[in-house]
>>> print(open('run_21.txt').read())   # compact mmCIF, C-alpha atoms
# COMPACT_ATOMS: atom_id res chain seq x y z
CA MET A 7 -10.38 4.71 -10.93
CA THR A 8 -8.32 5.71 -13.91
CA GLY A 9 -9.31 3.88 -17.09
CA THR A 10 -7.02 1.72 -19.11
CA ALA A 11 -5.85 4.80 -21.03
CA SER A 12 -2.72 4.71 -18.85
CA PRO A 13 -0.05 2.52 -20.48
CA ALA A 14 1.55 1.74 -17.13
CA LEU A 15 -1.78 0.76 -15.59
CA ARG A 16 -2.57 -1.53 -18.51
CA THR A 17 0.61 -3.48 -17.78
CA ALA A 18 0.04 -3.46 -14.02
CA LEU A 19 -3.50 -4.80 -14.45
CA ALA A 20 -2.41 -7.49 -16.93
CA TYR A 21 0.26 -8.55 -14.45
CA TYR A 22 -2.28 -8.59 -11.60
CA GLN A 23 -4.73 -10.60 -13.71
CA ALA A 24 -2.03 -13.16 -14.47
CA TRP A 25 -0.72 -13.79 -10.97
CA THR A 26 -4.18 -13.80 -9.39
CA SER A 27 -5.07 -16.48 -11.97
CA HIS A 28 -2.08 -18.53 -10.78
CA ASN A 29 -0.41 -18.06 -14.16
CA LEU A 30 3.16 -17.47 -12.99
CA ASP A 31 4.74 -17.64 -16.47
CA LYS A 32 2.28 -15.07 -17.85
CA ALA A 33 2.83 -12.84 -14.82
CA MET A 34 6.60 -13.02 -15.29
CA SER A 35 6.18 -11.96 -18.94
CA TYR A 36 5.38 -8.46 -17.59
CA ILE A 37 8.49 -8.36 -15.39
CA ALA A 38 11.70 -6.85 -16.78
CA ASP A 39 14.81 -9.03 -16.59
CA ASP A 40 16.53 -6.37 -14.49
CA ILE A 41 13.58 -5.56 -12.23
CA VAL A 42 14.33 -4.02 -8.86
CA CYS A 43 11.67 -4.60 -6.21
CA ASP A 44 11.69 -3.05 -2.78
CA ALA A 45 9.58 -5.41 -0.70
CA PRO A 46 8.99 -5.61 3.07
CA ALA A 47 11.77 -8.15 3.55
CA GLY A 48 14.26 -6.13 1.49
CA ARG A 49 15.37 -5.49 -2.07
CA LEU A 50 14.99 -8.10 -4.80
CA GLU A 51 17.10 -7.68 -7.92
CA GLY A 52 16.47 -9.44 -11.20
CA ALA A 53 13.64 -11.54 -12.60
CA GLY A 54 15.00 -14.73 -11.03
CA ALA A 55 14.86 -13.32 -7.52
CA TYR A 56 11.43 -11.85 -8.23
CA ARG A 57 10.09 -15.18 -9.44
CA GLY A 58 11.43 -16.81 -6.29
CA PHE A 59 9.37 -14.35 -4.31
CA LEU A 60 6.20 -14.39 -6.42
CA GLY A 61 6.04 -18.12 -7.09
CA PRO A 62 5.45 -19.31 -3.52
CA PHE A 63 2.96 -16.50 -2.94
CA VAL A 64 0.95 -17.38 -6.04
CA GLN A 65 0.66 -20.94 -4.71
CA ILE A 66 -1.07 -19.83 -1.50
CA VAL A 67 -3.39 -17.21 -3.06
CA THR A 68 -7.00 -18.38 -3.20
CA GLY A 69 -8.63 -15.10 -4.23
CA ALA A 70 -8.01 -11.43 -4.90
CA THR A 71 -10.06 -8.24 -5.13
CA MET A 72 -8.81 -4.98 -6.61
CA ILE A 73 -9.45 -2.08 -4.24
CA ALA A 74 -8.16 0.78 -6.40
CA ALA A 75 -5.90 1.17 -9.43
CA PHE A 76 -4.50 4.34 -10.96
CA GLY A 77 -1.74 5.15 -13.38
CA ASP A 78 -0.11 7.51 -15.80
CA ASP A 79 2.40 7.04 -18.62
CA GLN A 80 5.13 5.40 -16.56
CA THR A 81 3.74 4.69 -13.11
CA ALA A 82 0.87 2.63 -11.76
CA LEU A 83 -0.35 2.39 -8.19
CA VAL A 84 -2.66 -0.41 -7.16
CA MET A 85 -4.11 -1.66 -3.90
CA TYR A 86 -5.81 -5.04 -3.62
CA ASP A 87 -6.93 -7.53 -1.03
CA THR A 88 -5.88 -11.15 -1.27
CA GLN A 89 -7.23 -14.24 0.37
CA THR A 90 -4.48 -16.75 1.11
CA VAL A 91 -4.26 -20.16 2.72
CA PRO A 92 -2.58 -18.93 5.95
CA VAL A 93 -4.10 -15.41 6.09
CA LYS A 94 -7.73 -14.72 5.25
CA SER A 95 -7.31 -11.06 4.31
CA ALA A 96 -3.86 -9.92 3.22
CA PRO A 97 -4.08 -6.56 1.44
CA GLY A 98 -1.14 -5.27 -0.54
CA ALA A 99 -0.15 -2.19 -2.50
CA GLU A 100 2.26 -1.93 -5.40
CA CYS A 101 3.71 1.12 -7.06
CA VAL A 102 5.33 0.06 -10.31
CA THR A 103 7.39 1.77 -12.97
CA VAL A 104 6.69 0.44 -16.46
CA LYS A 105 8.88 0.72 -19.54
CA ASP A 106 7.95 -0.84 -22.89
CA GLY A 107 5.25 -2.97 -21.27
CA LYS A 108 7.50 -4.41 -18.57
CA ILE A 109 7.69 -3.61 -14.87
CA THR A 110 11.21 -2.34 -14.19
CA TYR A 111 10.74 -1.20 -10.61
CA SER A 112 8.25 -2.13 -7.91
CA ARG A 113 7.68 -0.79 -4.46
CA PHE A 114 5.62 -3.35 -2.63
CA VAL A 115 3.86 -2.91 0.72
CA PHE A 116 2.03 -5.54 2.73
CA ASP A 117 1.81 -6.59 6.36
CA ARG A 118 4.11 -9.49 7.16
CA ALA A 119 2.82 -9.77 10.74
CA PRO A 120 -0.14 -12.13 10.10
CA PHE A 121 2.03 -14.39 7.93
CA GLU A 122 4.65 -14.57 10.69
CA ALA A 123 1.91 -15.29 13.24
CA ALA A 124 0.50 -18.08 11.06
CA ARG A 125 3.98 -19.53 10.62
CA ASN A 126 4.64 -19.44 14.35
CA ALA A 127 1.26 -21.02 15.09
CA ALA A 128 2.08 -23.86 12.70
CA THR A 129 5.38 -24.73 14.37
CA MET B 23 1.12 11.48 -10.84
CA THR B 24 -2.36 12.91 -11.10
CA GLY B 25 -2.50 16.65 -10.45
CA THR B 26 -4.55 18.32 -7.78
CA ALA B 27 -7.54 18.40 -10.14
CA SER B 28 -8.90 15.44 -8.18
CA PRO B 29 -11.00 16.64 -5.24
CA ALA B 30 -10.33 13.47 -3.28
CA LEU B 31 -6.59 13.72 -3.85
CA ARG B 32 -6.56 17.35 -2.71
CA THR B 33 -7.99 16.26 0.63
CA ALA B 34 -5.69 13.23 0.89
CA LEU B 35 -2.62 15.39 0.24
CA ALA B 36 -3.70 18.09 2.69
CA TYR B 37 -4.20 15.36 5.29
CA TYR B 38 -0.78 13.87 4.51
CA GLN B 39 0.85 17.31 4.69
CA ALA B 40 -0.72 17.89 8.11
CA TRP B 41 0.23 14.62 9.81
CA THR B 42 3.72 14.56 8.36
CA SER B 43 4.14 18.08 9.82
CA HIS B 44 3.12 16.70 13.25
CA ASN B 45 -0.04 18.79 13.15
CA LEU B 46 -2.48 16.27 14.58
CA ASP B 47 -5.38 18.72 14.97
CA LYS B 48 -5.07 19.89 11.38
CA ALA B 49 -4.83 16.29 10.19
CA MET B 50 -7.96 15.37 12.13
CA SER B 51 -9.83 18.27 10.46
CA TYR B 52 -9.82 16.14 7.28
CA ILE B 53 -11.22 13.08 9.06
CA ALA B 54 -14.98 12.53 9.13
CA ASP B 55 -16.54 12.02 12.57
CA ASP B 56 -17.82 8.62 11.47
CA ILE B 57 -14.69 7.47 9.66
CA VAL B 58 -14.18 3.76 9.20
CA CYS B 59 -10.56 2.69 8.78
CA ASP B 60 -9.46 -0.83 7.96
CA ALA B 61 -5.89 -0.97 9.27
CA PRO B 62 -3.50 -3.90 9.70
CA ALA B 63 -4.53 -4.42 13.33
CA GLY B 64 -8.24 -4.31 12.51
CA ARG B 65 -11.10 -1.89 11.99
CA LEU B 66 -11.18 1.52 13.62
CA GLU B 67 -14.57 3.26 13.86
CA GLY B 68 -15.03 6.94 14.55
CA ALA B 69 -12.71 9.95 14.74
CA GLY B 70 -11.83 9.25 18.37
CA ALA B 71 -10.51 5.78 17.63
CA TYR B 72 -8.72 7.12 14.57
CA ARG B 73 -7.04 9.87 16.58
CA GLY B 74 -5.93 7.26 19.12
CA PHE B 75 -4.22 5.43 16.28
CA LEU B 76 -2.76 8.41 14.43
CA GLY B 77 -1.60 10.40 17.46
CA PRO B 78 1.06 7.99 18.71
CA PHE B 79 2.27 7.39 15.16
CA VAL B 80 2.67 11.12 14.47
CA GLN B 81 4.85 11.36 17.56
CA ILE B 82 7.39 8.85 16.24
CA VAL B 83 7.49 10.10 12.62
CA THR B 84 10.69 11.96 11.81
CA GLY B 85 10.25 12.25 8.04
CA ALA B 86 8.09 11.27 5.10
CA THR B 87 8.43 11.08 1.32
CA MET B 88 5.51 10.69 -1.07
CA ILE B 89 6.13 7.86 -3.53
CA ALA B 90 2.96 8.20 -5.64
CA ALA B 91 -0.44 9.83 -5.33
CA PHE B 92 -3.47 9.48 -7.58
CA GLY B 93 -7.13 10.25 -7.26
CA ASP B 94 -10.48 10.86 -8.85
CA ASP B 95 -13.67 12.53 -7.61
CA GLN B 96 -14.20 10.34 -4.56
CA THR B 97 -11.14 8.15 -4.13
CA ALA B 98 -7.45 8.81 -3.60
CA LEU B 99 -4.66 6.28 -3.45
CA VAL B 100 -1.28 7.26 -2.04
CA MET B 101 1.93 5.46 -1.18
CA TYR B 102 4.66 7.06 0.89
CA ASP B 103 7.71 6.15 2.87
CA THR B 104 8.10 7.28 6.46
CA GLN B 105 11.11 7.49 8.69
CA THR B 106 10.24 6.76 12.31
CA VAL B 107 12.11 6.53 15.59
CA PRO B 108 11.94 2.72 15.84
CA VAL B 109 11.91 1.87 12.10
CA LYS B 110 14.11 3.69 9.59
CA SER B 111 11.95 3.00 6.51
CA ALA B 112 8.28 2.26 7.08
CA PRO B 113 6.33 2.64 3.84
CA GLY B 114 2.56 2.79 3.87
CA ALA B 115 -0.32 2.99 1.43
CA GLU B 116 -3.74 4.49 1.95
CA CYS B 117 -6.83 4.28 -0.19
CA VAL B 118 -9.32 6.86 1.04
CA THR B 119 -12.88 7.75 0.20
CA VAL B 120 -13.57 11.48 0.47
CA LYS B 121 -16.91 13.21 0.87
CA ASP B 122 -17.26 16.98 1.25
CA GLY B 123 -13.55 17.36 1.96
CA LYS B 124 -13.45 14.73 4.71
CA ILE B 125 -12.08 11.20 4.67
CA THR B 126 -14.98 8.87 5.42
CA TYR B 127 -13.26 5.56 4.75
CA SER B 128 -9.63 4.51 4.73
CA ARG B 129 -7.96 1.29 3.80
CA PHE B 130 -4.50 1.40 5.24
CA VAL B 131 -1.62 -0.98 4.50
CA PHE B 132 1.79 -1.08 6.15
CA ASP B 133 4.14 -3.73 7.48
CA ARG B 134 3.80 -4.21 11.23
CA ALA B 135 6.68 -6.69 11.36
CA PRO B 136 9.57 -4.20 11.82
CA PHE B 137 7.61 -2.33 14.52
CA GLU B 138 7.01 -5.58 16.37
CA ALA B 139 10.69 -6.49 16.02
CA ALA B 140 11.73 -3.10 17.39
CA ARG B 141 9.32 -3.48 20.29
CA ASN B 142 10.63 -6.95 21.09
CA ALA B 143 14.23 -5.75 20.89
CA ALA B 144 13.44 -2.98 23.36
CA THR B 145 12.00 -5.27 26.01
>>> encode(input="run_21.txt", output="structure tokens")
Amino acid sequence: MTGTASPALRTALAYYQAWTSHNLDKAMSYIADDIVCDAPAGRLEGAGAYRGFLGPFVQIVTGATMIAAFGDDQTALVMYDTQTVPVKSAPGAECVTVKDGKITYSRFVFDRAPFEAARNAAT
Amino acid sequence: MTGTASPALRTALAYYQAWTSHNLDKAMSYIADDIVCDAPAGRLEGAGAYRGFLGPFVQIVTGATMIAAFGDDQTALVMYDTQTVPVKSAPGAECVTVKDGKITYSRFVFDRAPFEAARNAAT
């Protein structure tokens, strides 16, 4: 695992630490106003849209474990497992571009299938 | 992006190059006989089970683009996008443990939802 010598990784890890601690405002402080995020459900543009995506997720997260985290000057790549209320193990991976301590672009991968299954089971 | 100085990343990239070239046998040459892979659908144990998972996927892949790749001595973390017959953009992330040039453990993340939707639409 690359140390915190990578500026991009430092930001990515601070962001991870914030949202896994349910601190949405702190997490959003690492998100650029004009962030673009390509997520499984499609593209999110702007901090408002991103907050609308992250906020509900943060509310259902009960735990998180970092699996691996690497980075260089501008890019960080992390994979983690999360425990959530509807899905016991929901791993995700994020590749982020960081400029001046803010995440300007994020490519986000996770499996929506177990969340859809939990939603269907609840209805 | 970390250079090929990382032994684990060298193996992960050679593996990626092989399966994205539809060379299943070459890809499997980088997989340890006793591989354990935690994939969205559950745990796969052993090269036979892994081949049964990778083989059908390789057949539907029509293109792939590496998004980011990092590694150290034993671990590599990659994220890529794939184009497949049923799903136009199907990104994935793999965190692999490498020993003696073979992948012994893989944590694999991708979104099953669009594949399930394509399967449902076809039936």
>>> interface_residues(input="run_21.txt", of="chain A", to="chain B", cutoff="9 Å", atoms="all atoms listed in the file", output="VMD selection string")
chain A and resid 7 to 8 46 73 to 78 81 to 85 96 to 101 113 to 120 122
>>> residues_around(input="run_21.txt", residues="Leu60 in chain A", least_positions_apart="3", cutoff="10 Å", atoms="only C-alpha atoms", output="JSON, numbers by chain")
{"A": [25, 30, 33, 34, 54, 55, 56, 57, 63, 64, 65]}
>>> atom_distance(input="run_21.txt", atom1="CA of Val109 in chain B", atom2="CA of Ala18 in chain A")
29.2 Å
>>> calpha_fit_and_write(input="run_21.txt", fixed="chain A", moving="chain B", output="PDB file with C-alpha atoms, in the coordinates of the input")
ATOM      1  CA  MET B  23     -10.463   4.724 -10.901  1.00  0.00           C
ATOM      2  CA  THR B  24      -8.377   5.708 -13.885  1.00  0.00           C
ATOM      3  CA  GLY B  25      -9.324   3.849 -17.060  1.00  0.00           C
ATOM      4  CA  THR B  26      -7.006   1.712 -19.104  1.00  0.00           C
ATOM      5  CA  ALA B  27      -5.846   4.804 -21.004  1.00  0.00           C
ATOM      6  CA  SER B  28      -2.717   4.697 -18.848  1.00  0.00           C
ATOM      7  CA  PRO B  29      -0.053   2.516 -20.474  1.00  0.00           C
ATOM      8  CA  ALA B  30       1.556   1.738 -17.136  1.00  0.00           C
ATOM      9  CA  LEU B  31      -1.764   0.761 -15.586  1.00  0.00           C
ATOM     10  CA  ARG B  32      -2.562  -1.541 -18.509  1.00  0.00           C
ATOM     11  CA  THR B  33       0.615  -3.481 -17.783  1.00  0.00           C
ATOM     12  CA  ALA B  34       0.049  -3.453 -14.012  1.00  0.00           C
ATOM     13  CA  LEU B  35      -3.486  -4.807 -14.441  1.00  0.00           C
ATOM     14  CA  ALA B  36      -2.420  -7.486 -16.920  1.00  0.00           C
ATOM     15  CA  TYR B  37       0.264  -8.541 -14.441  1.00  0.00           C
ATOM     16  CA  TYR B  38      -2.266  -8.591 -11.591  1.00  0.00           C
ATOM     17  CA  GLN B  39      -4.729 -10.590 -13.704  1.00  0.00           C
ATOM     18  CA  ALA B  40      -2.017 -13.152 -14.465  1.00  0.00           C
ATOM     19  CA  TRP B  41      -0.721 -13.774 -10.941  1.00  0.00           C
ATOM     20  CA  THR B  42      -4.163 -13.794  -9.381  1.00  0.00           C
ATOM     21  CA  SER B  43      -5.070 -16.473 -11.969  1.00  0.00           C
ATOM     22  CA  HIS B  44      -2.064 -18.536 -10.779  1.00  0.00           C
ATOM     23  CA  ASN B  45      -0.395 -18.045 -14.146  1.00  0.00           C
ATOM     24  CA  LEU B  46       3.162 -17.461 -12.980  1.00  0.00           C
ATOM     25  CA  ASP B  47       4.735 -17.615 -16.454  1.00  0.00           C
ATOM     26  CA  LYS B  48       2.287 -15.077 -17.839  1.00  0.00           C
ATOM     27  CA  ALA B  49       2.837 -12.843 -14.816  1.00  0.00           C
ATOM     28  CA  MET B  50       6.599 -13.021 -15.286  1.00  0.00           C
ATOM     29  CA  SER B  51       6.179 -11.952 -18.943  1.00  0.00           C
ATOM     30  CA  TYR B  52       5.385  -8.461 -17.590  1.00  0.00           C
ATOM     31  CA  ILE B  53       8.495  -8.363 -15.396  1.00  0.00           C
ATOM     32  CA  ALA B  54      11.693  -6.842 -16.774  1.00  0.00           C
ATOM     33  CA  ASP B  55      14.809  -9.030 -16.594  1.00  0.00           C
ATOM     34  CA  ASP B  56      16.526  -6.386 -14.480  1.00  0.00           C
ATOM     35  CA  ILE B  57      13.591  -5.571 -12.218  1.00  0.00           C
ATOM     36  CA  VAL B  58      14.329  -4.021  -8.858  1.00  0.00           C
ATOM     37  CA  CYS B  59      11.665  -4.605  -6.215  1.00  0.00           C
ATOM     38  CA  ASP B  60      11.691  -3.033  -2.780  1.00  0.00           C
ATOM     39  CA  ALA B  61       9.578  -5.418  -0.699  1.00  0.00           C
ATOM     40  CA  PRO B  62       8.988  -5.604   3.056  1.00  0.00           C
ATOM     41  CA  ALA B  63      11.783  -8.147   3.535  1.00  0.00           C
ATOM     42  CA  GLY B  64      14.260  -6.120   1.484  1.00  0.00           C
ATOM     43  CA  ARG B  65      15.364  -5.498  -2.080  1.00  0.00           C
ATOM     44  CA  LEU B  66      14.975  -8.100  -4.796  1.00  0.00           C
ATOM     45  CA  GLU B  67      17.122  -7.688  -7.926  1.00  0.00           C
ATOM     46  CA  GLY B  68      16.469  -9.442 -11.201  1.00  0.00           C
ATOM     47  CA  ALA B  69      13.627 -11.548 -12.603  1.00  0.00           C
ATOM     48  CA  GLY B  70      14.984 -14.727 -11.026  1.00  0.00           C
ATOM     49  CA  ALA B  71      14.858 -13.323  -7.512  1.00  0.00           C
ATOM     50  CA  TYR B  72      11.443 -11.845  -8.232  1.00  0.00           C
ATOM     51  CA  ARG B  73      10.099 -15.180  -9.456  1.00  0.00           C
ATOM     52  CA  GLY B  74      11.441 -16.819  -6.292  1.00  0.00           C
ATOM     53  CA  PHE B  75       9.366 -14.353  -4.305  1.00  0.00           C
ATOM     54  CA  LEU B  76       6.204 -14.384  -6.411  1.00  0.00           C
ATOM     55  CA  GLY B  77       6.054 -18.126  -7.088  1.00  0.00           C
ATOM     56  CA  PRO B  78       5.464 -19.303  -3.523  1.00  0.00           C
ATOM     57  CA  PHE B  79       2.979 -16.490  -2.942  1.00  0.00           C
ATOM     58  CA  VAL B  80       0.949 -17.396  -6.041  1.00  0.00           C
ATOM     59  CA  GLN B  81       0.670 -20.932  -4.706  1.00  0.00           C
ATOM     60  CA  ILE B  82      -1.058 -19.826  -1.499  1.00  0.00           C
ATOM     61  CA  VAL B  83      -3.385 -17.215  -3.061  1.00  0.00           C
ATOM     62  CA  THR B  84      -6.991 -18.371  -3.193  1.00  0.00           C
ATOM     63  CA  GLY B  85      -8.613 -15.085  -4.223  1.00  0.00           C
ATOM     64  CA  ALA B  86      -8.003 -11.418  -4.891  1.00  0.00           C
ATOM     65  CA  THR B  87     -10.067  -8.236  -5.126  1.00  0.00           C
ATOM     66  CA  MET B  88      -8.804  -4.974  -6.593  1.00  0.00           C
ATOM     67  CA  ILE B  89      -9.464  -2.070  -4.231  1.00  0.00           C
ATOM     68  CA  ALA B  90      -8.135   0.780  -6.405  1.00  0.00           C
ATOM     69  CA  ALA B  91      -5.905   1.175  -9.436  1.00  0.00           C
ATOM     70  CA  PHE B  92      -4.501   4.343 -10.971  1.00  0.00           C
ATOM     71  CA  GLY B  93      -1.744   5.136 -13.392  1.00  0.00           C
ATOM     72  CA  ASP B  94      -0.115   7.509 -15.808  1.00  0.00           C
ATOM     73  CA  ASP B  95       2.394   7.016 -18.630  1.00  0.00           C
ATOM     74  CA  GLN B  96       5.125   5.391 -16.560  1.00  0.00           C
ATOM     75  CA  THR B  97       3.734   4.690 -13.108  1.00  0.00           C
ATOM     76  CA  ALA B  98       0.847   2.640 -11.769  1.00  0.00           C
ATOM     77  CA  LEU B  99      -0.344   2.401  -8.201  1.00  0.00           C
ATOM     78  CA  VAL B 100      -2.671  -0.404  -7.158  1.00  0.00           C
ATOM     79  CA  MET B 101      -4.111  -1.670  -3.901  1.00  0.00           C
ATOM     80  CA  TYR B 102      -5.829  -5.026  -3.612  1.00  0.00           C
ATOM     81  CA  ASP B 103      -6.918  -7.514  -1.029  1.00  0.00           C
ATOM     82  CA  THR B 104      -5.868 -11.142  -1.266  1.00  0.00           C
ATOM     83  CA  GLN B 105      -7.215 -14.235   0.376  1.00  0.00           C
ATOM     84  CA  THR B 106      -4.473 -16.752   1.112  1.00  0.00           C
ATOM     85  CA  VAL B 107      -4.241 -20.166   2.724  1.00  0.00           C
ATOM     86  CA  PRO B 108      -2.580 -18.938   5.940  1.00  0.00           C
ATOM     87  CA  VAL B 109      -4.090 -15.416   6.093  1.00  0.00           C
ATOM     88  CA  LYS B 110      -7.733 -14.734   5.247  1.00  0.00           C
ATOM     89  CA  SER B 111      -7.299 -11.051   4.309  1.00  0.00           C
ATOM     90  CA  ALA B 112      -3.854  -9.922   3.214  1.00  0.00           C
ATOM     91  CA  PRO B 113      -4.059  -6.567   1.440  1.00  0.00           C
ATOM     92  CA  GLY B 114      -1.130  -5.261  -0.548  1.00  0.00           C
ATOM     93  CA  ALA B 115      -0.140  -2.184  -2.508  1.00  0.00           C
ATOM     94  CA  GLU B 116       2.257  -1.915  -5.406  1.00  0.00           C
ATOM     95  CA  CYS B 117       3.712   1.131  -7.074  1.00  0.00           C
ATOM     96  CA  VAL B 118       5.329   0.059 -10.330  1.00  0.00           C
ATOM     97  CA  THR B 119       7.390   1.766 -12.978  1.00  0.00           C
ATOM     98  CA  VAL B 120       6.693   0.438 -16.473  1.00  0.00           C
ATOM     99  CA  LYS B 121       8.883   0.697 -19.545  1.00  0.00           C
ATOM    100  CA  ASP B 122       7.957  -0.864 -22.890  1.00  0.00           C
ATOM    101  CA  GLY B 123       5.246  -2.974 -21.275  1.00  0.00           C
ATOM    102  CA  LYS B 124       7.495  -4.414 -18.562  1.00  0.00           C
ATOM    103  CA  ILE B 125       7.697  -3.606 -14.868  1.00  0.00           C
ATOM    104  CA  THR B 126      11.210  -2.339 -14.195  1.00  0.00           C
ATOM    105  CA  TYR B 127      10.744  -1.199 -10.610  1.00  0.00           C
ATOM    106  CA  SER B 128       8.262  -2.137  -7.919  1.00  0.00           C
ATOM    107  CA  ARG B 129       7.674  -0.789  -4.476  1.00  0.00           C
ATOM    108  CA  PHE B 130       5.619  -3.335  -2.644  1.00  0.00           C
ATOM    109  CA  VAL B 131       3.863  -2.898   0.707  1.00  0.00           C
ATOM    110  CA  PHE B 132       2.029  -5.530   2.726  1.00  0.00           C
ATOM    111  CA  ASP B 133       1.811  -6.574   6.356  1.00  0.00           C
ATOM    112  CA  ARG B 134       4.108  -9.487   7.160  1.00  0.00           C
ATOM    113  CA  ALA B 135       2.818  -9.760  10.726  1.00  0.00           C
ATOM    114  CA  PRO B 136      -0.149 -12.118  10.092  1.00  0.00           C
ATOM    115  CA  PHE B 137       2.039 -14.387   7.926  1.00  0.00           C
ATOM    116  CA  GLU B 138       4.623 -14.575  10.689  1.00  0.00           C
ATOM    117  CA  ALA B 139       1.887 -15.299  13.235  1.00  0.00           C
ATOM    118  CA  ALA B 140       0.496 -18.082  11.051  1.00  0.00           C
ATOM    119  CA  ARG B 141       3.966 -19.542  10.619  1.00  0.00           C
ATOM    120  CA  ASN B 142       4.608 -19.453  14.357  1.00  0.00           C
ATOM    121  CA  ALA B 143       1.232 -21.040  15.080  1.00  0.00           C
ATOM    122  CA  ALA B 144       2.053 -23.868  12.687  1.00  0.00           C
ATOM    123  CA  THR B 145       5.340 -24.779  14.332  1.00  0.00           C
TER     124      THR B 145
END
>>> residues_around(input="run_21.txt", residues="Ala38 in chain A", least_positions_apart="5", cutoff="7 Å", atoms="only C-alpha atoms", output="PyMOL selection string")
chain A and resi 53+108-110
>>> closest_residue(input="run_21.txt", among="A:Ser12, A:Tyr111, A:Thr129, A:Thr88", to="Asp44 in chain A", atoms="all atoms listed in the file")
A:Tyr111
>>> axis_aligned_box(input="run_21.txt", around="range 27-44 of chain B", padding_each_side="6 Å", output="AutoDock Vina command-line options")
--center_x -3.4 --center_y 15.8 --center_z 1.6 --size_x 27.1 --size_y 17.2 --size_z 35.4
>>> atom_distance(input="run_21.txt", atom1="CA of Ala27 in chain B", atom2="CA of Lys121 in chain B")
15.4 Å
>>> residues_around(input="run_21.txt", residues="Gln105 in chain B", least_positions_apart="3", cutoff="6 Å", atoms="all atoms listed in the file", output="PyMOL selection string")
chain B and resi 83-85+110-111
>>> atom_distance(input="run_21.txt", atom1="CA of Asp39 in chain A", atom2="CA of Gly52 in chain A")
5.7 Å
>>> closest_residue(input="run_21.txt", among="B:Cys59, B:Ile53, B:Ala144, B:Met88", to="Leu35 in chain B", atoms="all atoms listed in the file")
B:Met88
>>> build_atoms(input="run_21.txt", residues="range 55-59 of chain B", atoms="all heavy atoms", output="CSV table (one decimal), in the frame of the given file")
chain,number,residue,atom,x,y,z
B,55,ASP,N,-16.2,12.5,11.2
B,55,ASP,CA,-16.5,12.0,12.6
B,55,ASP,C,-16.8,10.5,12.6
B,55,ASP,O,-16.5,9.8,13.5
B,55,ASP,CB,-17.8,12.8,13.1
B,55,ASP,CG,-17.5,14.2,13.5
B,55,ASP,OD1,-16.3,14.6,13.6
B,55,ASP,OD2,-18.4,15.0,13.6
B,56,ASP,N,-17.4,10.0,11.5
B,56,ASP,CA,-17.8,8.6,11.5
B,56,ASP,C,-16.9,7.8,10.6
B,56,ASP,O,-17.3,6.8,9.9
B,56,ASP,CB,-19.3,8.5,11.0
B,56,ASP,CG,-19.5,9.1,9.6
B,56,ASP,OD1,-18.6,9.8,9.1
B,56,ASP,OD2,-20.6,8.9,9.1
B,57,ILE,N,-15.6,8.2,10.5
B,57,ILE,CA,-14.7,7.5,9.7
B,57,ILE,C,-14.6,6.0,10.0
B,57,ILE,O,-14.8,5.6,11.2
B,57,ILE,CB,-13.2,8.1,9.8
B,57,ILE,CG1,-12.3,7.4,8.7
B,57,ILE,CG2,-12.7,8.0,11.2
B,57,ILE,CD1,-11.0,8.0,8.6
B,58,VAL,N,-14.5,5.2,9.0
B,58,VAL,CA,-14.2,3.8,9.2
B,58,VAL,C,-12.8,3.5,8.5
B,58,VAL,O,-12.6,3.9,7.4
B,58,VAL,CB,-15.3,2.9,8.6
B,58,VAL,CG1,-14.8,1.4,8.6
B,58,VAL,CG2,-16.6,3.1,9.2
B,59,CYS,N,-11.9,2.9,9.3
B,59,CYS,CA,-10.6,2.7,8.8
B,59,CYS,C,-10.2,1.2,9.0
B,59,CYS,O,-10.2,0.7,10.1
B,59,CYS,CB,-9.5,3.6,9.5
B,59,CYS,SG,-7.8,3.2,9.0
